[in-house]
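Quick notes on the structure that follows.
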Amino acid sequence: MDFLLLPLFSFLVGIIVGLTGIGGASLITPMLIFIFQVPPAVAISSDVVAATLMKVVGSIKHWQQETLDREVVKWLALGSVPGSLLGVGILHLIKLKSEQNLNNIMLHLLGVTILSVTLLTLVQMLLLTFFPQLQLPELPKFDLTTQLGRLQTVSVGAFLGCIVGLTSVASGSMFALALIAFFRLDARKLVGTDISQAAILLLFTAVGHLTLGTVDWSLVLPIWLGSVPGVLLGAKICQIAPQKPLRFMVYFILMMVSLKLVY
């Protein structure tokens, strides 16, 4: 029964991702934990591997179209890849002490990360919607032609990469916020740059999670089966669907899910 339900739910999540751009990990991992009763460590690792395929396919398309900033991708990846491997290394240390501790810690880390990402994105969206004329102080723009700018980019990539390695969440959403805040990328290159850096990050993170021994291929394959066509369908519907009401609805769901994960 689960083998039939998982592709169906993954298909619905894929539609939401294609419609709104909100990361699949924030939805699929809690779905595996709450609906399918999968242990948190297995849910997170399996979702990392499942998400990698979608990101790689999307990034290849953007590289072909040249709708990305290759310099930003390169310097972010130089930080995010070792950062994610550090996160996986921390999980290895926790697992050595106790499998139960690994599940409990990952459950709370996942909840806190989803809650933080959702609140940050929701606040940004509310400010842009209700106070479009509000002039907020701008964060410094990173200049990749300088040593300082490259160091700043690698540092941000390492910090966010570590979070992804620990929780599987934020490979897209948190990096997208960083791209907007520190690089001022235009809309045409924002999505492509975000997906491409996430693809590189998740490739290495997935290998790290495979070494943990917590990836369940009986979960990964049905997620692929449902989410890939779901994303394609969602992207088509996106052209006619109202974005803001959909995003508010999904953010509300994520708030409830993250609070349940934390408490």
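Chain labels run A, B, ... following the order of the structure tokens; each chain numbers its residues from 1, and ligands are numbered from 1 in the order shown.
Summary of the local environment: counting only C-alpha atoms, residues at most 8 Å from range 121-127 of chain A, other than itself and those fewer than 4 positions away along its chain, are Val117, Phe131, Pro132, Leu134, Leu177, Phe248 and Tyr251 of chain A.
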Output the selection as a short mmCIF file (atom, residue, chain, number, x, y, z; two decimals), in the first residue's frame - N, CA and C atoms for each residue.
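File written: selection.cif
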data_model
loop_
_atom_site.label_atom_id
_atom_site.label_comp_id
_atom_site.auth_asym_id
_atom_site.auth_seq_id
_atom_site.Cartn_x
_atom_site.Cartn_y
_atom_site.Cartn_z
N VAL A 117 13.67 28.73 8.10
CA VAL A 117 13.58 29.06 6.67
C VAL A 117 12.20 29.64 6.34
N PHE A 131 4.32 46.31 2.40
CA PHE A 131 5.13 47.52 2.52
C PHE A 131 6.13 47.62 1.36
N PRO A 132 5.60 47.72 0.12
CA PRO A 132 6.50 47.71 -1.04
C PRO A 132 7.44 48.92 -1.09
N LEU A 134 8.83 50.26 1.60
CA LEU A 134 9.70 50.25 2.77
C LEU A 134 11.16 50.08 2.36
N LEU A 177 17.78 32.87 -0.67
CA LEU A 177 17.79 34.09 0.13
C LEU A 177 19.18 34.73 0.13
N PHE A 248 1.40 31.42 0.53
CA PHE A 248 0.95 31.64 1.91
C PHE A 248 0.39 30.34 2.50
N TYR A 251 3.31 27.95 3.21
CA TYR A 251 4.08 28.42 4.36
C TYR A 251 3.35 28.13 5.67
#
Which residues of range 60-151 of chain A have any atom within 10 Å of an atom in range 191-203 of chain A when counting only C-alpha atoms, and what is the closest pair of atoms for each, with the distance in Å to one decimal? Order the rows by chain and rising number and write it as a Markdown table.
| residue | atom | partner | partner_atom | distance |
| --- | --- | --- | --- | --- |
| A:Ile60 | CA | A:Ser196 | CA | 7.8 |
| A:Lys61 | CA | A:Gly192 | CA | 8.5 |
| A:His62 | CA | A:Gly192 | CA | 5.3 |
| A:Trp63 | CA | A:Gly192 | CA | 7.7 |
| A:Gln65 | CA | A:Gly192 | CA | 9.1 |
| A:Glu66 | CA | A:Gly192 | CA | 8.3 |
| A:Thr67 | CA | A:Gly192 | CA | 5.5 |
| A:Leu68 | CA | A:Thr193 | CA | 4.5 |
| A:Asp69 | CA | A:Thr193 | CA | 5.7 |
| A:Arg70 | CA | A:Thr193 | CA | 7.4 |
| A:Glu71 | CA | A:Thr193 | CA | 9.5 |
| A:Val72 | CA | A:Thr193 | CA | 7.4 |
| A:Val73 | CA | A:Gln197 | CA | 5.1 |
| A:Lys74 | CA | A:Gln197 | CA | 7.7 |
| A:Trp75 | CA | A:Gln197 | CA | 9.4 |
| A:Leu76 | CA | A:Gln197 | CA | 7.0 |
| A:Ala77 | CA | A:Gln197 | CA | 6.1 |
| A:Leu78 | CA | A:Leu201 | CA | 9.4 |
| A:Gly79 | CA | A:Leu201 | CA | 9.4 |
| A:Ser80 | CA | A:Leu201 | CA | 6.2 |
| A:Val81 | CA | A:Leu201 | CA | 5.3 |
| A:Pro82 | CA | A:Leu201 | CA | 9.0 |
| A:Gly83 | CA | A:Leu201 | CA | 9.2 |
| A:Ser84 | CA | A:Leu201 | CA | 7.3 |
| A:Leu85 | CA | A:Leu201 | CA | 9.4 |
Can you pull out the residues contacting Pro40 in chain A? Cut-off 8 Å, using only C-alpha atoms, and skip same-chain residues under 6 positions away; I want them as an MDAnalysis selection string. chainID A and resid 29 33 103:104 106:107
Please identify which residues in range 116-243 of chain A DSSP calls helix (DSSP H, G or I) from the backbone, and express them as a VMD selection string. chain A and resid 116 to 130 147 to 167 173 to 183 187 to 212 217 to 237 243
Taking into account only C-alpha atoms, which residue in the set A:Gly149, A:Gly89, A:Gly213, A:Pro7 is nearest to Phe182 in chain A? A:Gly149
Determine the nearest neighbour of Ile94 in chain A from the options A:Leu259, A:Ala25, A:Val154, A:Leu212, counting only C-alpha atoms.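 Using only C-alpha atoms, Ile94 in chain A sits closest to A:Leu212.
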